[in-house]
Amino acid sequence: MAEEYQHVTVLLDAAVEALSVNPDGLYIDGTFGRGGHARKILDRLGDNGRLIVVDKDPQAIAIARQLAADDSRVYVFHGSFADYRQALENSGFGNKVAGMLLDLGVSSPQIDDAARGFSFQRNGDLDMRMNPEQGLSAADWLAVAEPAEIAAVLWKYGEERFARRIVDKITERRETKPLTTTLELANLISEAVPRKFHGRKHPATKSFQAIRIFINQELGDLERCIAEAVDDLAIDGRLVVISFHSLEDRMVKRFFKLKSTPPSIPRGMPILDSSIAPPFRTIGKALKPDEDEVAGNVRSRSSVMRILERWA
């Protein structure tokens with residue numbers, strides 16, 4: 001049962017503070033998870049405030065629907081946050097968003113449930129889909145993908161230096177027997193990575209991360225979502241993103257900088273700085289969890305939160 005797996009929400013208070021919640025505003029929690037952020041947002045909303053909660057995971061959506069059943073301010077959308085505009089349309093709540101929160105990556109219940117296939121430390125079906133009802137599982141993809149495609153995924157999304165060695169092992173193995181479990185893949189990767197490079201992290205860490213990101217189209221969804229979200233923010237609206245991976249954070253950091261930086265104007269042009277100021281600004285510096293939070297939830301240690309605000 002999903003309830004057996006506990007989830008500690010990362011940067012819980014800080015993220016909701018970052019949204020600067022307007023009691024009458026419309027907010028989107030693009031990654032509901034187990035509802036930690038969503039409940040905090042609802043505590044700050046008045047009777048006229050509205051919250052749309054989104055998640056790919058059917059288990060998360062089941063919990064979200066329980067919340068919505070008791071609160072008419074909540075609308076639940078089963079899907080990717082990249083499709084939040086469909087959620088806006090379906091909800092009838094309007095189209096000017098006072099704030100959107102994205103808490104990226106995989107949740108603790110997904111990792112801890114071996115049957116989901118996200119963990120290389122627990123044996124289960126090699127699935128890795130956030131929505132097990134859609135798309136190819138990791139096992140299905142590894143069974144048919146071209147070796148060059150697998151290597152490209154491991155390098156692009158995991159920066160795995162031994163991608164070719166790992167792919168050679170995968171292709172050799174699948175000629176006789178398909179990979180179907182997480183430990184089969186984890187052990188194969190451990191064999192492929194030279195022993196002297198087995199450090200504090202499990203040798204399969206980067207590969208599992210890369211395959212998960214690819215299977216769930218995580219970076220593509222993020223790129224599309226933030227590009228559209230800035231257009232839908234109301235004045236004083238904020239986009240808050242919590243990343244757990246350097247590729248995610250790099251994408252968010254560059255995009256926020258692009259949207260908040262004035263264009264370059266040749267010297268001597270009769271243009272006032274105020275006339276070319278972008279309508280967005282970053283709020284504060286990137287925020288990371290403090291020592292107490294990391295001590296209480298070690299999985300929070302790699303998280304980074306960034307904030308972009310529309311001011312005009």
# chains A, B, ... in the order shown; residues from 1 in each chain; ligands from 1

call {"tool": "residues_around", "arguments": {"residues": "Ala210 of chain A", "least_positions_apart": "5", "cutoff": "10 Å", "atoms": "only C-alpha atoms", "output": "list in words"}}
result
Ile150, Ala152, Val153, Leu154, Trp155, Lys156, Tyr157, Gly158, Glu159, Glu160, Ala204, Thr205 and Ile215 of chain A

call {"tool": "select_by_dssp", "arguments": {"residues": "segment 73-132 of chain A", "states": "helix (DSSP H, G or I)", "output": "JSON, numbers by chain"}}
result
{"A": [81, 82, 83, 84, 85, 86, 87, 88, 89, 90, 91, 108, 109, 110, 111, 112, 114, 115, 116]}

call {"tool": "write_last_selection", "arguments": {"atoms": "all heavy atoms", "output": "short mmCIF file (atom, residue, chain, number, x, y, z; two decimals), in the first residue's frame"}}
result
data_model
loop_
_atom_site.label_atom_id
_atom_site.label_comp_id
_atom_site.auth_asym_id
_atom_site.auth_seq_id
_atom_site.Cartn_x
_atom_site.Cartn_y
_atom_site.Cartn_z
N PHE A 81 3.23 18.19 -15.21
CA PHE A 81 3.13 19.64 -15.02
C PHE A 81 3.36 20.39 -16.32
O PHE A 81 2.98 21.55 -16.45
CB PHE A 81 4.07 20.14 -13.93
CG PHE A 81 5.52 19.73 -14.06
CD1 PHE A 81 6.31 20.17 -15.09
CD2 PHE A 81 6.09 18.89 -13.11
CE1 PHE A 81 7.65 19.81 -15.20
CE2 PHE A 81 7.43 18.51 -13.20
CZ PHE A 81 8.20 18.97 -14.26
N ALA A 82 3.96 19.73 -17.31
CA ALA A 82 4.12 20.36 -18.63
C ALA A 82 2.77 20.62 -19.29
O ALA A 82 2.67 21.47 -20.18
CB ALA A 82 4.99 19.48 -19.53
N ASP A 83 1.75 19.91 -18.84
CA ASP A 83 0.39 20.08 -19.39
C ASP A 83 -0.50 20.88 -18.45
O ASP A 83 -1.73 20.74 -18.47
CB ASP A 83 -0.23 18.70 -19.65
CG ASP A 83 0.54 17.91 -20.70
OD1 ASP A 83 0.93 18.51 -21.72
OD2 ASP A 83 0.75 16.70 -20.50
N TYR A 84 0.10 21.74 -17.63
CA TYR A 84 -0.69 22.47 -16.64
C TYR A 84 -1.74 23.37 -17.29
O TYR A 84 -2.77 23.66 -16.68
CB TYR A 84 0.23 23.30 -15.74
CG TYR A 84 0.70 24.60 -16.35
CD1 TYR A 84 -0.06 25.76 -16.25
CD2 TYR A 84 1.87 24.65 -17.08
CE1 TYR A 84 0.35 26.94 -16.84
CE2 TYR A 84 2.29 25.82 -17.68
CZ TYR A 84 1.54 26.96 -17.56
OH TYR A 84 1.93 28.13 -18.17
N ARG A 85 -1.50 23.82 -18.53
CA ARG A 85 -2.51 24.67 -19.18
C ARG A 85 -3.81 23.91 -19.42
O ARG A 85 -4.90 24.51 -19.38
CB ARG A 85 -1.96 25.24 -20.49
CG ARG A 85 -1.01 26.41 -20.27
CD ARG A 85 -0.51 27.00 -21.56
NE ARG A 85 0.20 28.26 -21.32
CZ ARG A 85 0.91 28.90 -22.24
NH1 ARG A 85 1.01 28.40 -23.46
NH2 ARG A 85 1.50 30.05 -21.94
N GLN A 86 -3.71 22.61 -19.65
CA GLN A 86 -4.91 21.80 -19.78
C GLN A 86 -5.64 21.74 -18.44
O GLN A 86 -6.87 21.79 -18.38
CB GLN A 86 -4.56 20.39 -20.25
CG GLN A 86 -5.77 19.50 -20.54
CD GLN A 86 -6.60 20.02 -21.69
OE1 GLN A 86 -6.09 20.22 -22.79
NE2 GLN A 86 -7.89 20.25 -21.45
N ALA A 87 -4.87 21.65 -17.37
CA ALA A 87 -5.46 21.66 -16.03
C ALA A 87 -6.16 22.98 -15.76
O ALA A 87 -7.26 23.02 -15.18
CB ALA A 87 -4.38 21.40 -14.98
N LEU A 88 -5.53 24.08 -16.16
CA LEU A 88 -6.15 25.40 -15.98
C LEU A 88 -7.49 25.46 -16.71
O LEU A 88 -8.50 25.93 -16.15
CB LEU A 88 -5.23 26.49 -16.53
CG LEU A 88 -4.11 27.02 -15.63
CD1 LEU A 88 -3.22 27.97 -16.41
CD2 LEU A 88 -4.68 27.71 -14.39
N GLU A 89 -7.49 24.99 -17.95
CA GLU A 89 -8.72 25.03 -18.74
C GLU A 89 -9.80 24.16 -18.13
O GLU A 89 -10.97 24.57 -18.02
CB GLU A 89 -8.42 24.58 -20.17
CG GLU A 89 -9.63 24.62 -21.09
CD GLU A 89 -9.29 24.20 -22.52
OE1 GLU A 89 -8.10 24.24 -22.89
OE2 GLU A 89 -10.23 23.81 -23.25
N ASN A 90 -9.41 22.95 -17.72
CA ASN A 90 -10.39 22.01 -17.16
C ASN A 90 -10.97 22.50 -15.84
O ASN A 90 -12.14 22.26 -15.52
CB ASN A 90 -9.75 20.64 -16.93
CG ASN A 90 -9.34 19.96 -18.22
OD1 ASN A 90 -9.64 20.43 -19.32
ND2 ASN A 90 -8.64 18.83 -18.11
N SER A 91 -10.15 23.20 -15.05
CA SER A 91 -10.58 23.62 -13.71
C SER A 91 -11.60 24.74 -13.74
O SER A 91 -12.44 24.84 -12.84
CB SER A 91 -9.37 24.06 -12.89
OG SER A 91 -8.86 25.31 -13.38
N SER A 108 10.11 10.10 -2.13
CA SER A 108 10.54 9.00 -1.25
C SER A 108 9.66 7.76 -1.39
O SER A 108 10.18 6.64 -1.44
CB SER A 108 10.59 9.47 0.20
OG SER A 108 11.63 10.41 0.38
N PRO A 109 8.31 7.90 -1.43
CA PRO A 109 7.49 6.69 -1.62
C PRO A 109 7.80 5.96 -2.92
O PRO A 109 7.73 4.72 -2.96
CB PRO A 109 6.06 7.25 -1.61
CG PRO A 109 6.14 8.49 -0.81
CD PRO A 109 7.47 9.09 -1.16
N GLN A 110 8.14 6.68 -3.97
CA GLN A 110 8.49 6.04 -5.22
C GLN A 110 9.80 5.27 -5.09
O GLN A 110 9.94 4.16 -5.61
CB GLN A 110 8.58 7.07 -6.34
CG GLN A 110 7.24 7.65 -6.74
CD GLN A 110 7.37 8.86 -7.67
OE1 GLN A 110 8.35 9.59 -7.60
NE2 GLN A 110 6.37 9.06 -8.51
N ILE A 111 10.77 5.85 -4.40
CA ILE A 111 12.06 5.19 -4.20
C ILE A 111 11.91 3.98 -3.28
O ILE A 111 12.45 2.90 -3.55
CB ILE A 111 13.09 6.16 -3.60
CG1 ILE A 111 13.38 7.31 -4.58
CG2 ILE A 111 14.38 5.44 -3.26
CD1 ILE A 111 14.24 8.41 -3.99
N ASP A 112 11.17 4.15 -2.20
CA ASP A 112 11.09 3.12 -1.17
C ASP A 112 10.24 1.92 -1.57
O ASP A 112 10.41 0.83 -1.02
CB ASP A 112 10.55 3.71 0.14
CG ASP A 112 11.51 4.73 0.74
OD1 ASP A 112 12.72 4.66 0.43
OD2 ASP A 112 11.06 5.59 1.52
N ALA A 114 9.80 -0.91 -3.71
CA ALA A 114 10.63 -1.67 -4.66
C ALA A 114 9.90 -1.99 -5.95
O ALA A 114 10.52 -2.08 -7.02
CB ALA A 114 11.11 -2.96 -3.99
N ALA A 115 8.59 -2.13 -5.88
CA ALA A 115 7.81 -2.49 -7.06
C ALA A 115 7.83 -1.41 -8.13
O ALA A 115 7.54 -1.69 -9.31
CB ALA A 115 6.37 -2.79 -6.67
N ARG A 116 8.18 -0.15 -7.74
CA ARG A 116 8.20 0.93 -8.72
C ARG A 116 9.46 0.91 -9.58
O ARG A 116 9.50 1.53 -10.65
CB ARG A 116 8.08 2.29 -8.01
CG ARG A 116 6.82 2.46 -7.18
CD ARG A 116 5.55 2.33 -8.00
NE ARG A 116 5.49 3.31 -9.06
CZ ARG A 116 4.98 4.54 -8.91
NH1 ARG A 116 4.48 4.91 -7.74
NH2 ARG A 116 4.95 5.38 -9.92
#

call {"tool": "residues_around", "arguments": {"residues": "segment 17-22 of chain A", "least_positions_apart": "4", "cutoff": "9 Å", "atoms": "only C-alpha atoms", "output": "PyMOL selection string"}}
result
chain A and resi 12-13+26-27+41+44-46+49+98-101+236-240+283+306-307

call {"tool": "write_last_selection", "arguments": {"atoms": "C-alpha atoms", "output": "tab-separated table (two decimals), in the first residue's frame"}}
result
chain	number	residue	atom	x	y	z
A	12	LEU	CA	8.47	22.76	3.08
A	13	ASP	CA	8.16	26.11	4.82
A	26	LEU	CA	-4.66	30.92	-8.02
A	27	TYR	CA	-1.75	28.56	-7.37
A	41	ILE	CA	-0.53	26.59	0.50
A	44	ARG	CA	-2.70	30.42	3.51
A	45	LEU	CA	-5.51	30.66	0.97
A	46	GLY	CA	-8.82	32.28	1.76
A	49	GLY	CA	-8.20	31.26	-3.31
A	98	ALA	CA	-0.35	33.87	-8.75
A	99	GLY	CA	2.27	31.20	-8.22
A	100	MET	CA	3.56	27.84	-9.39
A	101	LEU	CA	5.70	25.39	-7.43
A	236	ASP	CA	3.67	39.74	-8.47
A	237	GLY	CA	3.28	36.06	-9.37
A	238	ARG	CA	6.16	33.72	-8.65
A	239	LEU	CA	7.61	30.58	-10.17
A	240	VAL	CA	9.42	28.48	-7.54
A	283	ILE	CA	14.32	36.75	-5.79
A	306	ARG	CA	15.24	29.23	-7.15
A	307	ILE	CA	12.56	31.93	-7.42

call {"tool": "closest_residue", "arguments": {"among": "A:Asn187, A:Thr182, A:Ile52, A:Ser260", "to": "Asn123 of chain A", "atoms": "only C-alpha atoms"}}
result
A:Thr182

call {"tool": "select_by_dssp", "arguments": {"residues": "segment 117-248 of chain A", "states": "strand (DSSP E or B)", "output": "ChimeraX atom specification"}}
result
/A:125,181,233-243

call {"tool": "closest_residue", "arguments": {"among": "A:Val106, A:Val298, A:Ala163, A:Leu183", "to": "Gln209 of chain A", "atoms": "only C-alpha atoms"}}
result
A:Val106

call {"tool": "residues_around", "arguments": {"residues": "Ala312 of chain A", "least_positions_apart": "4", "cutoff": "10 Å", "atoms": "only C-alpha atoms", "output": "number ranges by chain"}}
result
A: 234-237, 277-281

call {"tool": "closest_residue", "arguments": {"among": "A:Glu133, A:Asp103, A:Glu191, A:Glu223", "to": "Pro58 of chain A", "atoms": "only C-alpha atoms"}}
result
A:Glu133

call {"tool": "closest_residue", "arguments": {"among": "A:Gly30, A:Gly35, A:Gly135, A:Gly25", "to": "Gly79 of chain A", "atoms": "only C-alpha atoms"}}
result
A:Gly30

call {"tool": "atom_distance", "arguments": {"atom1": "atom CA of Val54 of chain A", "atom2": "atom CA of Arg39 of chain A"}}
result
13.5 Å

call {"tool": "closest_atom_pairs", "arguments": {"of": "segment 222-266 of chain A", "to": "segment 284-297 of chain A", "cutoff": "10 Å", "atoms": "only C-alpha atoms", "output": "Markdown table"}}
result
| residue | atom | partner | partner_atom | distance |
| --- | --- | --- | --- | --- |
| A:Ile242 | CA | A:Leu287 | CA | 9.0 |
| A:Ser243 | CA | A:Lys288 | CA | 10.0 |
| A:Asp249 | CA | A:Ala286 | CA | 9.7 |
| A:Lys253 | CA | A:Ala286 | CA | 8.9 |

call {"tool": "atom_distance", "arguments": {"atom1": "atom CA of Leu67 of chain A", "atom2": "atom CA of Phe93 of chain A"}}
result
17.4 Å
